[in-house]
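Asks: Structure below; questions to follow.
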Amino acid sequence: MREGPLLRRCVLLKWRGPVSARVASPAVGGRSPSDPVRALQHALYRAAKADPGRRFHALGDKVHRRDVLARAWSMVRRNNGAPGIDAVDLGQVEEYGVARLLDELAAELKDGRWRPLPARRVFIPKPGTAEQRPLSIPAVRDRIVQAALKIVLEPVFEADMLPCSFGFRPRRGAHDALQVLIDESWRGRRWVVETDIANCFEAIDHEKLMQAVEERVCDQSVLKLLRAMLRAGVMEGGQVRRPVTGTPQGGVVSPLLANVFLHRIDRAWETRQHGVLVRYADDAVVMCATREQAEAALERLTRLLADLGLEPKAAKTRIVHLEVAGEGFDFLGATRSRSAP
């Protein structure tokens with residue numbers, strides 16, 4: 001086995017039972033947490049889990065709750081980050097007064113007056129490539145609102161998420177995804193489809209995304225907030241662009257929205273027919289028993305992506321056979337091949 005540093009750490013993990021059995025919502029545990037915000041998340045998760053067909057109609061008042069906004073500020077402050085197009089940084093917010101700003105945001109949200117600014121577009125290098133990744137940086141005040149929305153919406157959608165999804169989810173990460181690949185290869189699934197989704201975050205269709213959100217949320221005030229965020233656009237080179245696709249990388253709520261959108265692939269997947277899918281945001285691997293199954297899996301994945309208006313990135317899509325001293329494949333920074341017995 002050729003092992004990157006992340007995979008070496010993954011192999012050393014002590015097995016604690018199936019990932020699906022030990023991963024839950026951000027607030028799920030033995031008892032309801034004493035923290036009011038965590039208690040809110042716990043209640044939302046339990047309600048969503050108990051009724052998979054329920055559409056939530058009373059969420060807006062929770063987004064502008066003062067304790068939710070305070071928690072959202074803590075998340076934004078902890079993540080640090082640069083200012084948006086208004087040039088207001090975190091230090092200036094603290095000088096202005098955090099409590100004062102949160103009170104203003106609560107009032108704007110309650111009255112329906114909040115409007116986001118366009119995000120500031122920058123480009124950062126992709127590690128190990130000559131490509132650059134677009135990053136959209138919302139204003140600090142808009143990041144707080146996005147974080148509040150994420151606090152309220154995440155438990156609702158987390159109740160529906162499936163074990164094959166690992167990226168940007170509570171209590172899940174790269175180690176868990178890599179452990180599944182290791183386990184499945186030892187079970188004999190050594191034909192591997194690897195791909196990632198071309199320009200995923202920028203290509204997500206707004207209307208199709210909102211349809212996915214509306215499967216669980218019918219609160220018009222929350223849907224209006226989400227639409228406003230999606231339509232806020234980005235400022236690049238002094239010009240504001242408002243595309244009809246994309247949940248831009250850099251937004252606090254964007255990873256959750258991408259998972260909600262891509263969940264449609266997860267739930268349409270047939271493990272028995274097409275192998276074991278492991279998805280980490282827009283990166284995907286399918287572990288298959290035969291070459292024929294791998295070819296069918298790639299065809300199925302391509303069709304599911306096309307239904308969402310997406311496509312696999314050609315340069316990063318291939319079928320690999322895991323074998324001793326073979327070329328292996330890279331996933332989440334780790335290289336995997338079959339080890340000798």
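Letters A, B, ... mark the chains of the structure tokens in the order given; residue numbers begin at 1 per chain; ligand numbers begin at 1, in order shown.
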Can you list every residue of stretch 111-220 of chain A that has an atom at most 10 Å from stretch 35-57 of chain A, with its nearest atom pair and the distance in Å to one decimal, using only C-alpha atoms, ordered by chain then number, as a Markdown table?

Replies:
| residue | atom | partner | partner_atom | distance |
| --- | --- | --- | --- | --- |
| A:Ile151 | CA | A:Gln41 | CA | 7.3 |
| A:Val152 | CA | A:Gln41 | CA | 6.6 |
| A:Leu153 | CA | A:Leu44 | CA | 8.5 |
| A:Glu154 | CA | A:Gln41 | CA | 8.1 |
| A:Pro155 | CA | A:Tyr45 | CA | 4.7 |
| A:Val156 | CA | A:Tyr45 | CA | 5.3 |
| A:Phe157 | CA | A:Ala48 | CA | 7.8 |
| A:Glu158 | CA | A:Tyr45 | CA | 7.3 |
| A:Ala159 | CA | A:Lys49 | CA | 5.1 |
| A:Asp160 | CA | A:Lys49 | CA | 7.2 |
| A:Val213 | CA | A:Arg55 | CA | 9.7 |
| A:Glu214 | CA | A:Arg55 | CA | 7.6 |
| A:Glu215 | CA | A:Arg55 | CA | 6.6 |
| A:Arg216 | CA | A:Arg55 | CA | 4.3 |
| A:Val217 | CA | A:Phe56 | CA | 4.7 |
| A:Cys218 | CA | A:His57 | CA | 5.0 |
| A:Asp219 | CA | A:His57 | CA | 4.1 |
| A:Gln220 | CA | A:His57 | CA | 7.7 |

Asks: Next, the residues of the selection above should be written as an mmCIF file, in the first residue's frame with C-alpha atoms.

Replies:
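Saved to result.cif:
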data_model
loop_
_atom_site.group_PDB
_atom_site.id
_atom_site.type_symbol
_atom_site.label_atom_id
_atom_site.label_comp_id
_atom_site.auth_asym_id
_atom_site.auth_seq_id
_atom_site.Cartn_x
_atom_site.Cartn_y
_atom_site.Cartn_z
ATOM 1 C CA ILE A 151 -27.414 26.534 12.589
ATOM 2 C CA VAL A 152 -31.166 26.224 12.001
ATOM 3 C CA LEU A 153 -31.212 24.309 8.701
ATOM 4 C CA GLU A 154 -28.382 21.832 9.213
ATOM 5 C CA PRO A 155 -30.173 19.559 11.726
ATOM 6 C CA VAL A 156 -33.249 19.380 9.482
ATOM 7 C CA PHE A 157 -31.256 18.201 6.465
ATOM 8 C CA GLU A 158 -28.779 16.153 8.493
ATOM 9 C CA ALA A 159 -31.693 13.901 9.451
ATOM 10 C CA ASP A 160 -31.937 12.872 5.777
ATOM 11 C CA VAL A 213 -34.490 22.823 -0.092
ATOM 12 C CA GLU A 214 -38.268 23.057 -0.418
ATOM 13 C CA GLU A 215 -38.590 19.308 0.032
ATOM 14 C CA ARG A 216 -38.041 20.048 3.725
ATOM 15 C CA VAL A 217 -38.657 23.784 4.179
ATOM 16 C CA CYS A 218 -41.793 25.730 3.329
ATOM 17 C CA ASP A 219 -41.178 28.751 5.573
ATOM 18 C CA GLN A 220 -41.343 31.606 3.078
#

Asks: Quick one: contact table of stretch 79-188 of chain A to stretch 278-285 of chain A, 6 Å max, nearest atom pair and distance in Å to one decimal per residue, counting only C-alpha atoms, chain and number order, as a tab-separated table?

Replies:
residue	atom	partner	partner_atom	distance
A:Cys164	CA	A:Val278	CA	4.9
A:Ser165	CA	A:Arg279	CA	4.9
A:Phe166	CA	A:Tyr280	CA	5.0
A:Gly167	CA	A:Tyr280	CA	4.2

Asks: Which residues, written as a list in words, have at least one atom at most 9 Å from A:Asp103, with only C-alpha atoms counted and residues fewer than 5 positions away on the same chain left out?

Replies: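 Here the qualifying residues turn out to be Arg66, Leu69, Val98 and Glu108 of chain A.
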
Asks: Which residue is closest to A:Glu202? Choose from A:Arg227, A:Arg133, A:Arg77, A:Arg169 and count only C-alpha atoms.

Replies: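 Smallest separation from A:Glu202 among the options: A:Arg133.
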
Asks: Find, counting only C-alpha atoms, the residue in A:Ala72, A:Ala82, A:Leu162, A:Ala297 that gets nearest to A:Arg267.

Replies: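 Among A:Ala72, A:Ala82, A:Leu162, A:Ala297, it is A:Leu162 that comes nearest to A:Arg267.
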
Asks: Set the distance at 10 Å and use only C-alpha atoms: which residues neighbour A:Leu301 once local chain neighbours fewer than 3 positions away are removed? I'd like the list as a list in words.

Replies: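 So, after excluding close chain neighbours, the residues are Val193, Thr195, Ile265, Asp266, Ala268, Trp269, His274, Leu277, Ala284, Val286, Glu295, Ala296, Ala297, Leu298, Leu304, Leu305, Ala306, Asp307, Glu311 and Pro312 of chain A.
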
Asks: Going by DSSP on the backbone, which bits of stretch 63-177 of chain A are helix (DSSP H, G or I)? Write them as JSON, numbers by chain, please.

Replies: {"A": [63, 66, 67, 68, 69, 70, 71, 72, 73, 74, 75, 76, 77, 78, 79, 90, 91, 92, 93, 94, 95, 96, 98, 99, 100, 101, 102, 103, 104, 105, 106, 107, 108, 109, 110, 111, 140, 141, 142, 143, 144, 145, 146, 147, 148, 149, 150, 151, 152, 153, 154, 155, 156, 157, 158, 174, 175, 176, 177]}

Asks: Near A:Asp142, counting only C-alpha atoms, which residues have an atom at most 9 Å away, once you skip same-chain residues fewer than 5 positions from it, shown as a PyMOL selection string?

Replies: chain A and resi 115-117+147+229

Asks: Can you pull out every residue within 7 Å of stretch 249-257 of chain A, counting only C-alpha atoms, but drop anything in the same chain fewer than 4 positions away, and send it as a PyMOL selection string?

Replies: chain A and resi 135-138+143+146-147+150+154+168+201+261

Asks: Keeping only N, CA and C atoms, write those residues as a short mmCIF file (atom, residue, chain, number, x, y, z; two decimals), in the first residue's frame.

Replies:
data_model
loop_
_atom_site.label_atom_id
_atom_site.label_comp_id
_atom_site.auth_asym_id
_atom_site.auth_seq_id
_atom_site.Cartn_x
_atom_site.Cartn_y
_atom_site.Cartn_z
N LEU A 135 -12.98 32.10 -5.01
CA LEU A 135 -13.47 32.17 -3.64
C LEU A 135 -14.28 33.44 -3.49
N SER A 136 -15.46 33.32 -2.94
CA SER A 136 -16.34 34.48 -2.74
C SER A 136 -16.40 34.80 -1.26
N ILE A 137 -16.11 36.04 -0.91
CA ILE A 137 -16.03 36.45 0.50
C ILE A 137 -17.17 37.40 0.81
N PRO A 138 -18.21 36.93 1.50
CA PRO A 138 -19.30 37.83 1.88
C PRO A 138 -18.85 38.81 2.96
N ARG A 143 -22.04 37.05 6.62
CA ARG A 143 -21.57 35.75 7.09
C ARG A 143 -22.27 35.35 8.38
N GLN A 146 -25.66 34.03 7.35
CA GLN A 146 -25.51 32.70 6.77
C GLN A 146 -25.25 31.65 7.85
N ALA A 147 -24.41 32.00 8.82
CA ALA A 147 -24.13 31.05 9.90
C ALA A 147 -25.38 30.76 10.72
N LYS A 150 -27.44 28.38 8.79
CA LYS A 150 -26.84 27.05 8.85
C LYS A 150 -27.17 26.37 10.18
N GLU A 154 -29.22 23.03 9.26
CA GLU A 154 -28.38 21.83 9.21
C GLU A 154 -29.02 20.62 9.89
N PHE A 168 -18.19 18.04 4.98
CA PHE A 168 -18.93 19.16 5.57
C PHE A 168 -20.16 18.70 6.34
N PHE A 201 -19.53 23.88 -7.24
CA PHE A 201 -20.16 24.95 -6.47
C PHE A 201 -20.67 26.08 -7.36
N PHE A 261 -28.13 19.56 -2.24
CA PHE A 261 -28.32 19.37 -3.68
C PHE A 261 -27.81 17.99 -4.11
#

Asks: Would you please extract all strand (DSSP E) residues from stretch 178-267 of chain A, as assigned by DSSP on the backbone, and give them as a list in words?

Replies: Trp191, Val192, Val193, Glu194, Thr195, Asp196, Val234, Met235, Glu236, Gln239, Val240 and Arg241 of chain A

Asks: Those residues you just picked out, can you put them in a file as a PDB file, in the first residue's frame with N, CA and C atoms?

Replies:
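Written output follows (again05.pdb):
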ATOM      1  N   TRP A 191     -12.100  -2.666  -7.923  1.00  0.00           N
ATOM      2  CA  TRP A 191     -12.246  -1.847  -9.123  1.00  0.00           C
ATOM      3  C   TRP A 191     -12.858  -0.524  -8.673  1.00  0.00           C
ATOM      4  N   VAL A 192     -12.176   0.557  -8.989  1.00  0.00           N
ATOM      5  CA  VAL A 192     -12.523   1.851  -8.400  1.00  0.00           C
ATOM      6  C   VAL A 192     -12.835   2.880  -9.480  1.00  0.00           C
ATOM      7  N   VAL A 193     -13.979   3.527  -9.335  1.00  0.00           N
ATOM      8  CA  VAL A 193     -14.299   4.707 -10.144  1.00  0.00           C
ATOM      9  C   VAL A 193     -13.929   5.927  -9.303  1.00  0.00           C
ATOM     10  N   GLU A 194     -13.086   6.784  -9.832  1.00  0.00           N
ATOM     11  CA  GLU A 194     -12.776   8.025  -9.120  1.00  0.00           C
ATOM     12  C   GLU A 194     -13.099   9.213 -10.011  1.00  0.00           C
ATOM     13  N   THR A 195     -13.675  10.247  -9.410  1.00  0.00           N
ATOM     14  CA  THR A 195     -14.024  11.441 -10.174  1.00  0.00           C
ATOM     15  C   THR A 195     -14.249  12.594  -9.214  1.00  0.00           C
ATOM     16  N   ASP A 196     -14.327  13.778  -9.747  1.00  0.00           N
ATOM     17  CA  ASP A 196     -14.932  14.877  -9.007  1.00  0.00           C
ATOM     18  C   ASP A 196     -15.820  15.661  -9.966  1.00  0.00           C
ATOM     19  N   VAL A 234     -21.533  38.402  -7.089  1.00  0.00           N
ATOM     20  CA  VAL A 234     -20.148  38.637  -6.687  1.00  0.00           C
ATOM     21  C   VAL A 234     -19.626  39.870  -7.403  1.00  0.00           C
ATOM     22  N   MET A 235     -18.695  40.558  -6.722  1.00  0.00           N
ATOM     23  CA  MET A 235     -18.024  41.698  -7.344  1.00  0.00           C
ATOM     24  C   MET A 235     -16.623  41.277  -7.746  1.00  0.00           C
ATOM     25  N   GLU A 236     -16.335  41.434  -9.030  1.00  0.00           N
ATOM     26  CA  GLU A 236     -15.035  41.044  -9.573  1.00  0.00           C
ATOM     27  C   GLU A 236     -14.579  42.114 -10.552  1.00  0.00           C
ATOM     28  N   GLN A 239     -16.970  45.060 -11.104  1.00  0.00           N
ATOM     29  CA  GLN A 239     -18.280  44.793 -11.695  1.00  0.00           C
ATOM     30  C   GLN A 239     -19.017  43.726 -10.887  1.00  0.00           C
ATOM     31  N   VAL A 240     -20.320  43.921 -10.704  1.00  0.00           N
ATOM     32  CA  VAL A 240     -21.147  42.946  -9.995  1.00  0.00           C
ATOM     33  C   VAL A 240     -21.782  41.999 -11.004  1.00  0.00           C
ATOM     34  N   ARG A 241     -21.595  40.712 -10.787  1.00  0.00           N
ATOM     35  CA  ARG A 241     -22.228  39.689 -11.617  1.00  0.00           C
ATOM     36  C   ARG A 241     -23.223  38.919 -10.763  1.00  0.00           C
TER      37      ARG A 241
END

Asks: Applying 7 Å and only C-alpha atoms, which residues near A:Pro83 remain after dropping the ones on its own chain fewer than 6 positions away? List them as a list of chain:residue names.

Replies: A:Asp89, A:Ala139, A:Val140

Asks: Write a file of the just-selected residues containing C-alpha atoms, as a PDB file, in the first residue's frame.

Replies:
ATOM      1  CA  ASP A  89     -13.176  43.415   9.149  1.00  0.00           C
ATOM      2  CA  ALA A 139     -19.353  40.828   4.205  1.00  0.00           C
ATOM      3  CA  VAL A 140     -18.964  39.955   7.889  1.00  0.00           C
TER       4      VAL A 140
END
